[in-house]
Amino acid sequence: MTVDTLPPTHPDIAARLQALRTHMAGQGWQAVLVPSSDPHLSEYLPDRWQGRQWLSGFTGSSGTLLVSAEKAALFTDSRYWEQAEAELAGSGIDLVKLEGPAVPAYVAWLSTLTHAPSPAALAVDGAVLGLAQAQQLQAALAAAGWSMHTETDVLDGPWSPRPALPAGAVFEHEAPFSTTPRATKLAEVRALMQAKGATHHWIATLDDLAWLLNLRGADVDYNPVFLGHALVSLTQLELFVGEDKISNALAARLQADGVVLRPYDAATAALNGLPADAVMLMDPKRVTWGLRAAVPAGVKVVESINPSTLLKSRKTDAEAACTREAMERDGAAMCAFYAWLEQALGTTYVSELTLDERMTAERAKQPGYVSLSFPTIAGFNANGALPHYRATEATFAVLSTPEGLTAEGLLLIDSGGQYLGGTTDITRVWAIGTPTAAQKRDFTLVLKGTLALSRTRFPQGTLAPMLDAIARAPLWAEGLDFGHGTGHGVGYFLNVHEGPQSISKAIPTQDMAMQPGMITSIEPGLYRPGQWGIRIENLVLNVPVPPAVADAAPGTPEYGQYLAFETLSLCPIDTRCIDRSLLCDDEIAWLNTYHAEVRRRLSPLVSGDALDWLVRRTEAM
């Protein structure tokens, strides 16, 4: 069941929107665009840049707000539609459901404004608007008779008091978990810069910066990163970071590797001061419009992917070994949690909030644990049909009381942890009570998609989006589909969502080529609104496999290097939810082999009830 709450009235939202509209009128703007972004294009934002949430009340991690004097609208994709409808209710903000590219939808909405002059002005903070999207938006606005104003932070003034910049300390990611010296990484980046003809390179994305310098922080929830920029030349690196965030001892070690510390707010001035003969390498997907505009007009800019993005996506053998250990620790935590859950159901009060708290507590007991890698998604029955659902104190489902189960159904839990030796992300669905035939069918079709992709062998260099259909095929065969991507890259004690690979319906680019060492999720799903949701997710590692013909000659069909997926995640899959008649013998064999491996590797790390649960849930089918 779900705890009932009164429909929201959003008095604060109305006042905030009015303050923004008053500011707009004073500036001569007809509309304002507020993206879910910061100067580093982060997925999870420090409080200072949570302007879209502050203005709208929508808490999803992806969405854009457009405000005019007449109306306001929140644009988001299918992952958040039900959540947005609930959170926007009573706010006066319309929901626009994105089913394609965002920029045309923004311009179409602006064209409906009845009192806009020609030309009309759209304001957006260029310091937080991605360069690639800004270029598309500017062209589309011009064609529609609008101008784009990017010079100011549109929330300065209306948002007061505004949260300050985070001030947490930066720390070093040390051996044995940090396996490659930062001097080596800098040399690799500089070699790739020179191959592009660049003398300078700008890094704004926080995971790239943290990886390159073997530094970590706590400025962004769930991601162990810190706010900063880097200007890399062929002889030094200027690190723009908040004062007092780096200790004297760490500063000395950085200086020994050619890293010079600068104030965080001096980044734009450094770009303005580039020499005329500089050749700047910038990734248009990883810098903002404001940063690009700060480069002097005479400086040549080479647009290409950040070298660090490609390098950090390919985990070394040592990093892969650390990640395997982190997966074992994570699996042990889940055994303890699920053993507790099965005993608690029907005898103890258990809610979606309880699940989050208990699972986090079990992970926190594990060696090397630092934090969650994203907000836990624990959705019972209908709540599981919301792909990015999160229970709150206001609205949550109760599974059990001391008097018994409140309902039977399916429980979806998507969770992950940050460990010094790796980042985890895993989704499992569990039967509460006896699953129905319809639930078993849906579960098994999703499982078939997970197994199909997990067992795939493919040529090295295959563009990741090309693999997406393999996981969807069992669902497509039954006329079913899901609205999110099948898989995302995962960092090494870094962001849980990492590029450049993406197993999805994205338009492929050469940067998305699958290479050895990449870690990616496999997570097909199926969601029945108001009933249940199913997603079965493991993380996998790209590993080379021997060729079918060892000495195949170039030009023959057998020639080429191939990759396969090593499944890293270690946690049983609930066989009670499987309709065995829908599985082939080889699928059952894969699942039995996986469960045997889970039992072998986790048994030494658990005991008592957790061990009993592990043995019971890994029995062969």
# chains A, B, ... in the order shown; residues from 1 in each chain; ligands from 1
call {"tool": "residues_around", "arguments": {"residues": "A:Asp609", "least_positions_apart": "4", "cutoff": "9 Å", "atoms": "only C-alpha atoms", "output": "ChimeraX atom specification"}}
result
/A:335-336,339-340,613-614
call {"tool": "select_by_dssp", "arguments": {"residues": "stretch 172-230 of chain A", "states": "alpha helix (DSSP H)", "output": "short mmCIF file (atom, residue, chain, number, x, y, z; two decimals) with N, CA and C atoms, in the first residue's frame"}}
result
data_model
loop_
_atom_site.label_atom_id
_atom_site.label_comp_id
_atom_site.auth_asym_id
_atom_site.auth_seq_id
_atom_site.Cartn_x
_atom_site.Cartn_y
_atom_site.Cartn_z
N ARG A 182 49.47 9.38 -11.22
CA ARG A 182 48.91 10.52 -11.98
C ARG A 182 49.90 11.02 -13.02
N ALA A 183 51.21 10.91 -12.78
CA ALA A 183 52.18 11.33 -13.79
C ALA A 183 52.03 10.51 -15.06
N THR A 184 51.74 9.22 -14.90
CA THR A 184 51.53 8.36 -16.07
C THR A 184 50.27 8.77 -16.82
N LYS A 185 49.20 9.05 -16.08
CA LYS A 185 47.95 9.47 -16.71
C LYS A 185 48.14 10.80 -17.45
N LEU A 186 48.84 11.74 -16.84
CA LEU A 186 49.09 13.03 -17.50
C LEU A 186 49.88 12.84 -18.79
N ALA A 187 50.86 11.94 -18.76
CA ALA A 187 51.64 11.68 -19.97
C ALA A 187 50.76 11.10 -21.07
N GLU A 188 49.84 10.21 -20.70
CA GLU A 188 48.93 9.61 -21.69
C GLU A 188 48.01 10.66 -22.29
N VAL A 189 47.48 11.54 -21.45
CA VAL A 189 46.59 12.60 -21.95
C VAL A 189 47.36 13.55 -22.88
N ARG A 190 48.56 13.92 -22.48
CA ARG A 190 49.35 14.84 -23.32
C ARG A 190 49.70 14.21 -24.66
N ALA A 191 49.97 12.91 -24.67
CA ALA A 191 50.26 12.25 -25.94
C ALA A 191 49.05 12.32 -26.88
N LEU A 192 47.86 12.13 -26.33
CA LEU A 192 46.65 12.20 -27.15
C LEU A 192 46.35 13.63 -27.57
N MET A 193 46.68 14.61 -26.69
CA MET A 193 46.55 16.01 -27.08
C MET A 193 47.42 16.32 -28.30
N GLN A 194 48.67 15.90 -28.22
CA GLN A 194 49.61 16.18 -29.31
C GLN A 194 49.18 15.49 -30.60
N ALA A 195 48.59 14.32 -30.47
CA ALA A 195 48.10 13.63 -31.67
C ALA A 195 47.00 14.42 -32.36
N LEU A 206 33.81 16.59 -13.76
CA LEU A 206 34.44 16.29 -12.48
C LEU A 206 35.01 14.88 -12.41
N ASP A 207 34.37 13.93 -13.09
CA ASP A 207 34.91 12.57 -13.05
C ASP A 207 36.21 12.48 -13.84
N ASP A 208 36.30 13.20 -14.97
CA ASP A 208 37.55 13.24 -15.72
C ASP A 208 38.67 13.84 -14.88
N LEU A 209 38.35 14.91 -14.18
CA LEU A 209 39.35 15.60 -13.37
C LEU A 209 39.82 14.71 -12.21
N ALA A 210 38.87 14.08 -11.52
CA ALA A 210 39.22 13.22 -10.40
C ALA A 210 40.07 12.04 -10.85
N TRP A 211 39.68 11.43 -11.98
CA TRP A 211 40.44 10.28 -12.50
C TRP A 211 41.87 10.68 -12.86
N LEU A 212 42.01 11.78 -13.58
CA LEU A 212 43.32 12.18 -14.08
C LEU A 212 44.30 12.44 -12.94
N LEU A 213 43.83 13.07 -11.87
CA LEU A 213 44.73 13.48 -10.78
C LEU A 213 44.73 12.51 -9.60
#
call {"tool": "residues_around", "arguments": {"residues": "stretch 450-460 of chain A", "least_positions_apart": "5", "cutoff": "6 Å", "atoms": "only C-alpha atoms", "output": "list in words"}}
result
Ile470, Ala471, Gln515, Gln561, Tyr562, Leu563, Ala564 and Phe565 of chain A
call {"tool": "write_last_selection", "arguments": {"atoms": "C-alpha atoms", "output": "PDB file, in the first residue's frame"}}
result
ATOM      1  CA  ILE A 470      19.895  -8.041 -28.209  1.00  0.00           C
ATOM      2  CA  ALA A 471      18.486  -7.345 -24.737  1.00  0.00           C
ATOM      3  CA  GLN A 515      36.969  -1.816 -25.833  1.00  0.00           C
ATOM      4  CA  GLN A 561      39.423  -9.706 -32.147  1.00  0.00           C
ATOM      5  CA  TYR A 562      36.344 -10.469 -30.080  1.00  0.00           C
ATOM      6  CA  LEU A 563      35.053  -9.471 -26.660  1.00  0.00           C
ATOM      7  CA  ALA A 564      32.672 -11.112 -24.217  1.00  0.00           C
ATOM      8  CA  PHE A 565      31.053  -9.963 -20.988  1.00  0.00           C
TER       9      PHE A 565
END
call {"tool": "residues_around", "arguments": {"residues": "stretch 248-256 of chain A", "least_positions_apart": "2", "cutoff": "10 Å", "atoms": "only C-alpha atoms", "output": "VMD selection string"}}
result
chain A and resid 170 to 172 182 to 183 213 215 236 to 237 239 244 to 246 258 to 261
call {"tool": "atom_distance", "arguments": {"atom1": "atom CA of A:Arg528", "atom2": "atom CA of A:His497"}}
result
25.4 Å
call {"tool": "residues_around", "arguments": {"residues": "A:Leu33", "least_positions_apart": "3", "cutoff": "6 Å", "atoms": "only C-alpha atoms", "output": "list in words"}}
result
Leu65, Leu66 and Val124 of chain A
call {"tool": "atom_distance", "arguments": {"atom1": "atom CA of A:Gly489", "atom2": "atom CA of A:Ile503"}}
result
8.6 Å
call {"tool": "select_by_dssp", "arguments": {"residues": "stretch 309-461 of chain A", "states": "strand (DSSP E or B)", "output": "NGL selection string"}}
result
:A and (350-351 or 369-372 or 377-380 or 397-401 or 404-405 or 409-415 or 417-419 or 422-423 or 426-432 or 457-459)
call {"tool": "atom_distance", "arguments": {"atom1": "atom CA of A:Ile522", "atom2": "atom CA of A:Pro284"}}
result
27.4 Å
call {"tool": "closest_residue", "arguments": {"among": "A:Leu611, A:Leu345, A:Ala438, A:Leu412", "to": "A:Asn383", "atoms": "only C-alpha atoms"}}
result
A:Leu412
call {"tool": "residues_around", "arguments": {"residues": "A:Ser147", "least_positions_apart": "4", "cutoff": "10 Å", "atoms": "only C-alpha atoms", "output": "short mmCIF file (atom, residue, chain, number, x, y, z; two decimals) with C-alpha atoms, in the first residue's frame"}}
result
data_model
loop_
_atom_site.label_atom_id
_atom_site.label_comp_id
_atom_site.auth_asym_id
_atom_site.auth_seq_id
_atom_site.Cartn_x
_atom_site.Cartn_y
_atom_site.Cartn_z
CA TRP A 29 13.24 38.57 -21.17
CA SER A 118 9.36 39.61 -32.32
CA PRO A 119 12.21 39.08 -31.81
CA ALA A 120 11.64 37.58 -28.37
CA ALA A 121 14.37 36.90 -25.81
CA LEU A 122 15.09 33.60 -24.07
CA ALA A 123 17.54 33.80 -21.16
CA LEU A 137 19.20 25.68 -29.29
CA GLN A 138 20.64 28.90 -30.67
CA ALA A 139 20.10 27.76 -34.26
CA ALA A 140 16.54 26.58 -33.59
CA LEU A 141 15.64 29.79 -31.74
CA ALA A 142 16.98 31.99 -34.51
CA ALA A 143 14.85 30.13 -37.04
#
call {"tool": "residues_around", "arguments": {"residues": "A:Arg390", "least_positions_apart": "3", "cutoff": "10 Å", "atoms": "only C-alpha atoms", "output": "MDAnalysis selection string"}}
result
chainID A and resid 59:60 83 352:353 356 375:379 383:384 386:387 395:396
call {"tool": "write_last_selection", "arguments": {"atoms": "N, CA and C atoms", "output": "PDB file, in the first residue's frame"}}
result
ATOM      1  N   THR A  59      11.821  16.652  -8.291  1.00  0.00           N
ATOM      2  CA  THR A  59      13.085  16.201  -7.721  1.00  0.00           C
ATOM      3  C   THR A  59      13.843  15.210  -8.595  1.00  0.00           C
ATOM      4  N   GLY A  60      13.311  14.860  -9.763  1.00  0.00           N
ATOM      5  CA  GLY A  60      14.021  13.941 -10.640  1.00  0.00           C
ATOM      6  C   GLY A  60      15.359  14.513 -11.085  1.00  0.00           C
ATOM      7  N   GLN A  83       6.343  10.376 -11.802  1.00  0.00           N
ATOM      8  CA  GLN A  83       6.896  11.153 -10.683  1.00  0.00           C
ATOM      9  C   GLN A  83       6.627  12.635 -10.882  1.00  0.00           C
ATOM     10  N   GLU A 352       9.266   0.762   2.420  1.00  0.00           N
ATOM     11  CA  GLU A 352      10.305   1.067   1.438  1.00  0.00           C
ATOM     12  C   GLU A 352      11.423   1.888   2.075  1.00  0.00           C
ATOM     13  N   LEU A 353      11.087   2.731   3.023  1.00  0.00           N
ATOM     14  CA  LEU A 353      12.118   3.506   3.719  1.00  0.00           C
ATOM     15  C   LEU A 353      12.987   2.600   4.584  1.00  0.00           C
ATOM     16  N   ASP A 356      15.644   0.891   2.402  1.00  0.00           N
ATOM     17  CA  ASP A 356      16.749   1.787   2.073  1.00  0.00           C
ATOM     18  C   ASP A 356      17.711   1.887   3.264  1.00  0.00           C
ATOM     19  N   PRO A 375      20.819   7.334  -5.187  1.00  0.00           N
ATOM     20  CA  PRO A 375      19.741   7.115  -4.224  1.00  0.00           C
ATOM     21  C   PRO A 375      19.088   5.751  -4.458  1.00  0.00           C
ATOM     22  N   THR A 376      18.914   4.982  -3.409  1.00  0.00           N
ATOM     23  CA  THR A 376      18.323   3.655  -3.533  1.00  0.00           C
ATOM     24  C   THR A 376      16.901   3.741  -4.062  1.00  0.00           C
ATOM     25  N   ILE A 377      16.596   2.880  -5.017  1.00  0.00           N
ATOM     26  CA  ILE A 377      15.242   2.749  -5.558  1.00  0.00           C
ATOM     27  C   ILE A 377      14.661   1.467  -4.980  1.00  0.00           C
ATOM     28  N   ALA A 378      13.717   1.584  -4.082  1.00  0.00           N
ATOM     29  CA  ALA A 378      13.019   0.431  -3.524  1.00  0.00           C
ATOM     30  C   ALA A 378      11.537   0.637  -3.778  1.00  0.00           C
ATOM     31  N   GLY A 379      10.994  -0.095  -4.751  1.00  0.00           N
ATOM     32  CA  GLY A 379       9.614   0.121  -5.164  1.00  0.00           C
ATOM     33  C   GLY A 379       8.800  -1.157  -5.089  1.00  0.00           C
ATOM     34  N   ASN A 383       4.816   1.068  -7.288  1.00  0.00           N
ATOM     35  CA  ASN A 383       5.969   1.967  -7.212  1.00  0.00           C
ATOM     36  C   ASN A 383       7.150   1.438  -8.011  1.00  0.00           C
ATOM     37  N   GLY A 384       7.253   0.132  -8.155  1.00  0.00           N
ATOM     38  CA  GLY A 384       8.312  -0.449  -8.962  1.00  0.00           C
ATOM     39  C   GLY A 384       8.162  -0.148 -10.440  1.00  0.00           C
ATOM     40  N   LEU A 386       7.797   2.741 -11.591  1.00  0.00           N
ATOM     41  CA  LEU A 386       8.430   4.038 -11.816  1.00  0.00           C
ATOM     42  C   LEU A 386       9.934   3.802 -11.855  1.00  0.00           C
ATOM     43  N   PRO A 387      10.569   3.851 -13.029  1.00  0.00           N
ATOM     44  CA  PRO A 387      11.978   3.451 -13.127  1.00  0.00           C
ATOM     45  C   PRO A 387      12.914   4.193 -12.184  1.00  0.00           C
ATOM     46  N   THR A 395       5.473   9.957   1.084  1.00  0.00           N
ATOM     47  CA  THR A 395       4.805   8.923   0.302  1.00  0.00           C
ATOM     48  C   THR A 395       5.701   7.695   0.206  1.00  0.00           C
ATOM     49  N   PHE A 396       5.218   6.582   0.708  1.00  0.00           N
ATOM     50  CA  PHE A 396       5.985   5.338   0.643  1.00  0.00           C
ATOM     51  C   PHE A 396       5.030   4.169   0.845  1.00  0.00           C
TER      52      PHE A 396
END
